[in-house]
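Next comes model.cif, a file with mmCIF, C-alpha atoms (C1' of nucleotides).
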```
data_structure
#
loop_
_atom_site.label_atom_id
_atom_site.label_comp_id
_atom_site.auth_asym_id
_atom_site.auth_seq_id
_atom_site.Cartn_x
_atom_site.Cartn_y
_atom_site.Cartn_z
CA MET A 154 217.32 -48.85 40.14
CA GLU A 155 217.93 -52.36 38.86
CA ASP A 156 216.18 -54.82 41.11
CA GLY A 157 219.19 -57.01 41.15
CA THR A 158 217.71 -59.81 39.12
CA LEU A 159 221.02 -60.51 37.51
CA LYS A 160 222.52 -61.29 40.86
CA SER A 161 221.30 -64.88 40.73
CA PRO A 162 220.64 -65.77 37.09
CA GLY A 163 220.44 -69.50 37.19
CA TYR A 164 219.01 -69.89 40.65
CA VAL A 165 216.45 -72.65 40.72
CA ASP A 166 216.74 -74.08 44.22
CA SER A 167 216.20 -77.68 43.15
CA THR A 168 213.34 -77.88 45.62
CA THR A 169 210.87 -76.80 42.97
CA THR A 170 208.19 -79.41 43.28
CA ASP A 171 204.72 -78.90 41.94
CA ALA A 172 203.40 -81.94 43.74
CA ASP A 173 203.44 -81.05 47.41
CA PHE A 174 203.51 -77.29 46.79
CA ASP A 175 205.33 -76.23 49.89
CA VAL A 176 204.51 -72.62 50.57
CA ARG A 177 207.87 -71.92 52.10
CA HIS A 178 209.47 -72.20 48.71
CA TRP A 179 208.00 -68.96 47.47
CA ASP A 180 207.67 -66.74 50.48
CA ALA A 181 208.97 -63.24 50.98
CA ARG A 182 212.64 -64.13 51.27
CA GLU A 183 214.95 -61.76 49.43
CA GLY A 184 216.49 -64.42 47.21
CA CYS A 185 213.12 -65.62 46.06
CA GLU A 186 212.64 -64.68 42.45
CA VAL A 187 209.23 -66.23 42.35
CA ARG A 188 207.74 -63.54 44.53
CA GLN A 189 209.25 -60.85 42.39
CA ILE A 190 208.07 -62.38 39.14
CA LEU A 191 204.67 -62.87 40.68
CA ASP A 192 204.48 -59.18 41.44
CA ARG A 193 205.37 -58.38 37.88
CA VAL A 194 202.91 -60.80 36.42
CA ALA A 195 200.08 -59.95 38.78
CA ASP A 196 200.53 -56.29 38.00
CA LYS A 197 197.41 -54.40 37.03
CA TRP A 198 198.53 -53.17 33.62
CA SER A 199 200.55 -56.27 32.81
CA LEU A 200 197.45 -58.34 33.18
CA LEU A 201 195.50 -56.09 30.86
CA VAL A 202 198.23 -55.88 28.24
CA ILE A 203 198.73 -59.62 28.14
CA ALA A 204 195.02 -60.09 27.86
CA MET A 205 194.72 -57.61 25.01
CA LEU A 206 197.55 -59.20 23.11
CA ASP A 207 195.99 -62.62 23.34
CA CYS A 208 194.72 -63.01 19.81
CA GLU A 209 196.38 -60.27 17.83
CA SER A 210 199.42 -58.04 17.76
CA LEU A 211 198.68 -54.38 18.43
CA ARG A 212 200.30 -51.00 18.01
CA PHE A 213 201.14 -48.72 20.90
CA SER A 214 198.21 -46.41 20.31
CA GLN A 215 195.82 -49.27 19.78
CA LEU A 216 196.76 -50.70 23.14
CA ARG A 217 196.39 -47.32 24.71
CA ARG A 218 192.98 -46.84 23.19
CA GLU A 219 191.75 -50.31 24.09
CA ILE A 220 192.94 -50.27 27.67
CA ASP A 221 192.20 -46.59 27.88
CA GLY A 222 192.45 -46.33 31.63
CA VAL A 223 196.21 -46.46 31.22
CA SER A 224 198.43 -43.41 30.88
CA GLN A 225 201.02 -43.20 28.15
CA ARG A 226 203.74 -43.47 30.71
CA MET A 227 202.37 -46.56 32.42
CA LEU A 228 201.73 -48.32 29.15
CA SER A 229 205.26 -47.57 28.07
CA VAL A 230 206.75 -48.73 31.34
CA THR A 231 204.63 -51.87 31.44
CA LEU A 232 205.47 -52.76 27.88
CA ARG A 233 209.17 -52.43 28.51
CA LYS A 234 209.04 -54.61 31.60
CA LEU A 235 207.06 -57.22 29.75
CA GLU A 236 209.49 -57.09 26.86
CA ARG A 237 212.42 -57.46 29.21
CA ASP A 238 210.81 -60.50 30.78
CA GLY A 239 210.43 -62.08 27.37
CA LEU A 240 206.65 -62.09 27.56
CA VAL A 241 205.99 -59.55 24.85
CA SER A 242 207.83 -58.91 21.60
CA ARG A 243 208.36 -55.44 20.15
CA THR A 244 208.63 -54.96 16.39
CA VAL A 245 209.63 -51.61 14.95
CA HIS A 246 208.63 -50.90 11.35
CA PRO A 247 211.04 -48.41 9.76
CA VAL A 248 208.35 -46.35 8.06
CA VAL A 249 207.79 -42.63 7.94
CA PRO A 250 205.15 -42.45 10.62
CA PRO A 251 206.80 -44.69 13.18
CA ARG A 252 204.95 -47.93 13.67
CA VAL A 253 205.60 -50.43 16.45
CA ASP A 254 203.78 -53.69 16.95
CA TYR A 255 203.53 -55.59 20.20
CA ALA A 256 202.68 -59.25 20.44
CA LEU A 257 202.77 -62.09 22.92
CA THR A 258 205.79 -64.37 22.76
CA PRO A 259 205.26 -68.12 23.11
CA LEU A 260 206.18 -67.71 26.77
CA GLY A 261 203.71 -64.90 27.14
CA ARG A 262 201.07 -67.07 25.59
CA THR A 263 201.51 -69.77 28.22
CA LEU A 264 201.15 -67.15 30.93
CA HIS A 265 197.92 -66.00 29.41
CA GLU A 266 196.43 -69.41 30.00
CA THR A 267 197.16 -69.15 33.69
CA ILE A 268 195.96 -65.60 33.97
CA LYS A 269 192.77 -66.64 32.32
CA ALA A 270 192.17 -69.09 35.13
CA LEU A 271 192.60 -66.38 37.73
CA VAL A 272 190.29 -64.01 35.92
CA THR A 273 187.74 -66.73 35.43
CA TRP A 274 187.82 -67.45 39.14
CA THR A 275 187.22 -63.79 39.86
CA GLU A 276 184.35 -63.61 37.41
CA THR A 277 182.83 -66.75 38.83
CA HIS A 278 182.98 -65.63 42.42
CA GLN A 279 182.52 -61.87 42.24
CA GLN A 280 178.95 -62.26 43.36
CA GLU A 281 179.95 -64.20 46.47
CA ILE A 282 182.61 -61.67 47.29
CA ALA A 283 180.21 -58.78 46.92
CA GLU A 284 177.83 -60.51 49.30
CA ALA A 285 180.57 -61.26 51.78
CA ARG A 286 181.57 -57.61 51.73
CA ALA A 287 178.03 -56.42 52.24
CA ALA A 288 177.62 -58.81 55.16
CA TYR A 289 180.89 -57.71 56.70
CA ASP A 290 180.06 -54.04 56.35
CA ALA A 291 176.66 -54.62 57.89
CA ARG A 292 178.26 -56.35 60.85
CA HIS A 293 181.04 -53.86 61.48
CA GLY A 294 180.17 -50.59 59.84
CA MET A 295 177.11 -49.88 61.93
CA MET A 296 178.44 -49.83 65.47
CA GLU A 297 180.61 -46.82 64.79
CA ALA A 298 179.32 -43.58 63.32
CA MET B 196 187.78 -44.37 52.11
CA GLU B 197 185.29 -46.97 50.97
CA ASP B 198 185.98 -48.05 47.44
CA GLY B 199 182.34 -47.96 46.68
CA THR B 200 181.86 -51.67 46.32
CA LEU B 201 178.39 -51.44 47.68
CA LYS B 202 177.35 -49.23 44.84
CA SER B 203 176.71 -52.21 42.56
CA PRO B 204 176.19 -55.27 44.74
CA GLY B 205 174.61 -57.66 42.35
CA TYR B 206 176.18 -56.47 39.14
CA VAL B 207 177.05 -59.38 36.91
CA ASP B 208 176.70 -58.01 33.39
CA SER B 209 175.20 -61.16 31.93
CA THR B 210 178.01 -61.18 29.38
CA THR B 211 180.16 -63.23 31.68
CA THR B 212 181.19 -66.08 29.48
CA ASP B 213 184.15 -68.23 30.30
CA ALA B 214 184.16 -69.78 26.87
CA ASP B 215 185.25 -66.98 24.54
CA PHE B 216 186.95 -64.98 27.31
CA ASP B 217 186.45 -61.52 25.88
CA VAL B 218 189.02 -59.27 27.43
CA ARG B 219 186.78 -56.25 27.27
CA HIS B 220 184.67 -57.71 30.03
CA TRP B 221 187.27 -57.12 32.71
CA ASP B 222 189.20 -54.05 31.67
CA ALA B 223 189.88 -50.94 33.68
CA ARG B 224 186.36 -49.52 33.58
CA GLU B 225 185.21 -48.07 36.87
CA GLY B 226 182.20 -50.34 37.19
CA CYS B 227 184.29 -53.41 36.67
CA GLU B 228 184.55 -55.24 39.96
CA VAL B 229 186.67 -57.95 38.46
CA ARG B 230 189.68 -55.67 38.15
CA GLN B 231 189.33 -54.54 41.70
CA ILE B 232 188.96 -58.05 43.06
CA LEU B 233 191.91 -59.11 40.98
CA ASP B 234 194.03 -56.44 42.61
CA ARG B 235 192.99 -57.64 46.02
CA VAL B 236 193.63 -61.25 45.23
CA ALA B 237 196.91 -60.70 43.44
CA ASP B 238 198.18 -58.66 46.36
CA LYS B 239 201.56 -59.62 47.73
CA TRP B 240 200.53 -60.36 51.31
CA SER B 241 197.15 -61.80 50.39
CA LEU B 242 198.87 -64.41 48.30
CA LEU B 243 201.16 -65.37 51.16
CA VAL B 244 198.41 -65.47 53.76
CA ILE B 245 196.16 -67.62 51.62
CA ALA B 246 199.05 -69.92 50.93
CA MET B 247 199.93 -70.26 54.60
CA LEU B 248 196.35 -70.98 55.56
CA ASP B 249 196.09 -73.76 53.00
CA CYS B 250 196.25 -76.76 55.27
CA GLU B 251 195.74 -75.43 58.76
CA SER B 252 194.20 -72.59 60.70
CA LEU B 253 196.73 -70.29 62.33
CA ARG B 254 196.86 -67.63 65.00
CA PHE B 255 197.86 -64.06 64.33
CA SER B 256 201.34 -64.42 65.76
CA GLN B 257 201.89 -67.69 63.99
CA LEU B 258 201.08 -66.10 60.69
CA ARG B 259 203.34 -63.22 61.49
CA ARG B 260 206.16 -65.53 62.38
CA GLU B 261 205.73 -67.76 59.34
CA ILE B 262 205.47 -64.98 56.81
CA ASP B 263 207.89 -62.92 58.80
CA GLY B 264 208.58 -60.41 56.08
CA VAL B 265 205.25 -58.85 56.95
CA SER B 266 204.76 -56.06 59.48
CA GLN B 267 202.07 -56.29 62.11
CA ARG B 268 200.16 -53.54 60.41
CA MET B 269 200.18 -55.12 56.97
CA LEU B 270 199.21 -58.51 58.31
CA SER B 271 196.35 -56.94 60.19
CA VAL B 272 195.19 -54.94 57.19
CA THR B 273 195.51 -57.89 54.83
CA LEU B 274 193.64 -60.18 57.17
CA ARG B 275 190.78 -57.75 57.53
CA LYS B 276 190.46 -57.30 53.77
CA LEU B 277 190.51 -61.05 53.26
CA GLU B 278 187.92 -61.50 55.96
CA ARG B 279 185.70 -58.86 54.42
CA ASP B 280 185.93 -60.59 51.07
CA GLY B 281 184.83 -63.84 52.65
CA LEU B 282 188.08 -65.62 51.86
CA VAL B 283 189.31 -66.00 55.41
CA SER B 284 187.40 -66.66 58.62
CA ARG B 285 188.30 -65.12 61.96
CA THR B 286 187.55 -66.95 65.18
CA VAL B 287 187.98 -65.23 68.52
CA HIS B 288 188.42 -67.44 71.58
CA PRO B 289 187.25 -65.65 74.73
CA VAL B 290 190.16 -66.71 76.87
CA VAL B 291 192.38 -64.72 79.18
CA PRO B 292 195.28 -64.31 76.79
CA PRO B 293 193.33 -63.36 73.69
CA ARG B 294 193.48 -66.01 71.01
CA VAL B 295 192.31 -65.57 67.44
CA ASP B 296 192.40 -68.20 64.74
CA TYR B 297 192.37 -67.56 61.04
CA ALA B 298 191.40 -70.13 58.44
CA LEU B 299 190.48 -70.34 54.80
CA THR B 300 186.78 -70.38 54.02
CA PRO B 301 185.50 -72.75 51.35
CA LEU B 302 185.63 -69.82 48.94
CA GLY B 303 189.18 -69.05 49.96
CA ARG B 304 190.08 -72.65 49.38
CA THR B 305 188.93 -72.53 45.76
CA LEU B 306 191.03 -69.43 45.23
CA HIS B 307 194.05 -71.21 46.55
CA GLU B 308 193.78 -73.72 43.75
CA THR B 309 193.97 -70.97 41.18
CA ILE B 310 196.78 -69.16 42.90
CA LYS B 311 198.69 -72.37 42.97
CA ALA B 312 198.51 -72.51 39.20
CA LEU B 313 199.95 -69.03 38.90
CA VAL B 314 202.76 -69.78 41.29
CA THR B 315 203.50 -73.02 39.52
CA TRP B 316 203.75 -71.15 36.23
CA THR B 317 206.19 -68.75 37.79
CA GLU B 318 208.31 -71.51 39.24
CA THR B 319 208.31 -73.34 35.96
CA HIS B 320 209.35 -70.37 33.88
CA GLN B 321 211.56 -68.36 36.19
CA GLN B 322 214.61 -69.64 34.40
CA GLU B 323 213.34 -68.47 31.01
CA ILE B 324 212.45 -65.09 32.41
CA ALA B 325 215.86 -64.68 33.99
CA GLU B 326 217.45 -65.46 30.65
CA ALA B 327 215.18 -63.07 28.80
CA ARG B 328 216.11 -60.33 31.24
CA ALA B 329 219.80 -61.00 30.89
CA ALA B 330 219.48 -60.89 27.10
CA TYR B 331 217.48 -57.68 27.22
CA ASP B 332 219.95 -56.01 29.54
CA ALA B 333 222.83 -57.06 27.33
CA ARG B 334 221.13 -55.55 24.31
CA HIS B 335 220.07 -52.28 25.89
CA GLY B 336 222.19 -51.66 28.95
CA MET B 337 225.50 -51.43 27.16
CA MET B 338 224.97 -48.56 24.74
CA GLU B 339 224.46 -46.07 27.52
CA ALA B 340 226.81 -45.59 30.44
"C1'" DC C 1 198.31 -61.89 72.63
"C1'" DA C 2 195.93 -59.28 69.21
"C1'" DG C 3 195.20 -55.60 67.45
"C1'" DT C 4 194.48 -50.11 66.37
"C1'" DA C 5 196.35 -45.32 65.65
"C1'" DT C 6 199.86 -42.20 63.96
"C1'" DC C 7 203.77 -40.57 61.60
"C1'" DC C 8 206.45 -40.75 57.68
"C1'" DG C 9 209.24 -42.08 53.74
"C1'" DC C 10 209.20 -44.18 49.40
"C1'" DT C 11 207.17 -45.95 45.34
"C1'" DC C 12 203.77 -45.86 41.96
"C1'" DT C 13 201.14 -43.24 38.86
"C1'" DG C 14 199.22 -39.47 36.17
"C1'" DA C 15 199.82 -34.95 33.89
"C1'" DT C 16 202.66 -32.25 31.18
"C1'" DA C 17 206.28 -31.14 28.04
"C1'" DC C 18 209.61 -32.41 24.77
"C1'" DT C 19 212.13 -35.52 21.01
"C1'" DG C 20 212.98 -38.80 17.02
"C1'" DC D 133 203.07 -42.00 15.93
"C1'" DA D 134 205.86 -43.62 19.64
"C1'" DG D 135 208.10 -42.75 23.03
"C1'" DT D 136 211.29 -40.37 27.10
"C1'" DA D 137 212.00 -36.83 30.93
"C1'" DT D 138 210.39 -34.35 34.75
"C1'" DC D 139 207.47 -33.15 38.53
"C1'" DA D 140 203.99 -33.50 41.93
"C1'" DG D 141 200.27 -35.88 44.30
"C1'" DA D 142 198.17 -40.30 46.24
"C1'" DG D 143 198.69 -44.35 48.51
"C1'" DC D 144 201.28 -48.29 50.16
"C1'" DG D 145 203.94 -50.08 53.62
"C1'" DG D 146 207.07 -49.90 57.81
"C1'" DA D 147 208.32 -48.39 62.58
"C1'" DT D 148 206.61 -46.96 66.76
"C1'" DA D 149 203.42 -46.30 70.46
"C1'" DC D 150 199.26 -47.34 72.72
"C1'" DT D 151 194.84 -50.24 74.09
"C1'" DG D 152 191.63 -54.24 75.30
#
```
Transcribe the structure of this file into structure tokens.
Amino acid sequence: MEDGTLKSPGYVDSTTTDADFDVRHWDAREGCEVRQILDRVADKWSLLVIAMLDCESLRFSQLRREIDGVSQRMLSVTLRKLERDGLVSRTVHPVVPPRVDYALTPLGRTLHETIKALVTWTETHQQEIAEARAAYDARHGMMEA
Amino acid sequence: MEDGTLKSPGYVDSTTTDADFDVRHWDAREGCEVRQILDRVADKWSLLVIAMLDCESLRFSQLRREIDGVSQRMLSVTLRKLERDGLVSRTVHPVVPPRVDYALTPLGRTLHETIKALVTWTETHQQEIAEARAAYDARHGMMEA
DNA sequence: CAGTATCCGCTCTGATACTG
DNA sequence: CAGTATCAGAGCGGATACTG
């Protein structure tokens, strides 16, 4: 079930330019890691976890309580993926009642900045989107039914 | 099958502050439109379509050819969602061989800027992530199997 | 050309149960 | 407390066929 990420470890393509931003460099091609990482990073729970971990490190149950919409399984799975990607660190405290702390790594912290921008965009434009949807539904929804 | 977006058209919450960026304002709560919009916007095909439409307006078949990994169905579905959200405009030319052009709306154009940032982050850090994964797999993968 | 409708498999996800 | 294992249901996404 490995997604084959180890198949091309150091693949960079050399065409990575942030100036012209050619779309074709990150399309759906199989070898494109960017798309795959994007999926990981844009994941529903990943976004929430990274956001929660912004300022403080949290325990498993704290995260679960805070996010609350998440199931134990999904939180666990998400956390492991994030840990594997080097975005979140996992610290086990060898105490009687097991205690595990999760925190953002420096890399994870840089991602948070970017995610913030996306969320801010959404917050800023949610009103416009809601209106667009209402308008669309008014135009199309009525002729049928 | 409606996701009930019309239930709270003008909901803004008044706590929307981009300064402190309180995570709890966009968590998984049902009433939170931000999460839902985020899912739409972070969608695999949406990202590609918006990227393709950056500089020019394209026809359905052109989009399909360019993205190419996409099926006709998914492109159609994605386009309709994007149109409903007011991110993409659809122009039908009443000619003998039907011709439809898709383009980014002004709103869609602002989103592209943000998406670009996310993609740039991914491109910039894909190497680090690949290394983190390799390290993780080396640590965990070996003890079993 | 530009879609829509249908079938269907596969993944994602939640609920439940069990372990260290 | 902090997970993992298993199972079943929902939904996504693809292939195919049909329409305006």
Within 10 Å of segment 265-278 of chain B, which residues of chain D show up? Give each one with its shortest atom-to-atom distance in Å (one decimal) and the two atoms involved, counting all atoms listed in the file, rows by chain then rising residue number, as a Markdown table.
```
| residue | atom | partner | partner_atom | distance |
| --- | --- | --- | --- | --- |
| D:DC144 | C1' | B:Met269 | CA | 9.7 |
| D:DG145 | C1' | B:Met269 | CA | 7.1 |
| D:DG146 | C1' | B:Ser266 | CA | 6.8 |
| D:DA147 | C1' | B:Ser266 | CA | 9.0 |
```
Measure the distance from atom CA of Thr244 of chain A to atom CA of Ala256 of chain A in Å and round it to one decimal.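 We find that atom CA of Thr244 of chain A and atom CA of Ala256 of chain A lie 8.4 Å from each other.
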Starting from the shown file, work through the PyMOL selection byres ((chain C) within 10 of (chain B)) and note down what comes out as a list in words. DC1, DA2, DG3 and DT4 of chain C
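For the choices A:Val194, A:Asp254, A:Arg188, A:Met205, the atom-to-atom distance to chain D is smallest for A:Asp254 when using all atoms listed in the file.
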Residues of chain A no more than 6 Å from chain B, counting all atoms listed in the file: send them over as a count of residues only. 14
Identify all residues satisfying the PyMOL selection byres ((chain D) within 8 of (chain A)) in the given file; provide them as a PyMOL selection string. chain D and resi 133-135
Around segment 233-242 of chain A, with edges along x, y and z and 8 Å added on all six sides, what centre and edge lengths do you get, in Å to one decimal, as lines of an AutoDock Vina configuration file?
```
center_x = 209.2
center_y = -57.3
center_z = 26.6
size_x = 22.4
size_y = 25.7
size_z = 26.0
```
In Å, how far is it from atom C1' of DA15 of chain C to atom CA of Arg217 of chain A?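 Taking atom C1' of DA15 of chain C as the start and atom CA of Arg217 of chain A as the end point, the length is 15.8 Å.
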Evaluated on this file, the PyMOL selection byres ((chain D and resi 139) around 12) picks out some residues - which ones are they, written as a PyMOL selection string? (chain C and resi 13-17) or (chain D and resi 137-138+140-141)
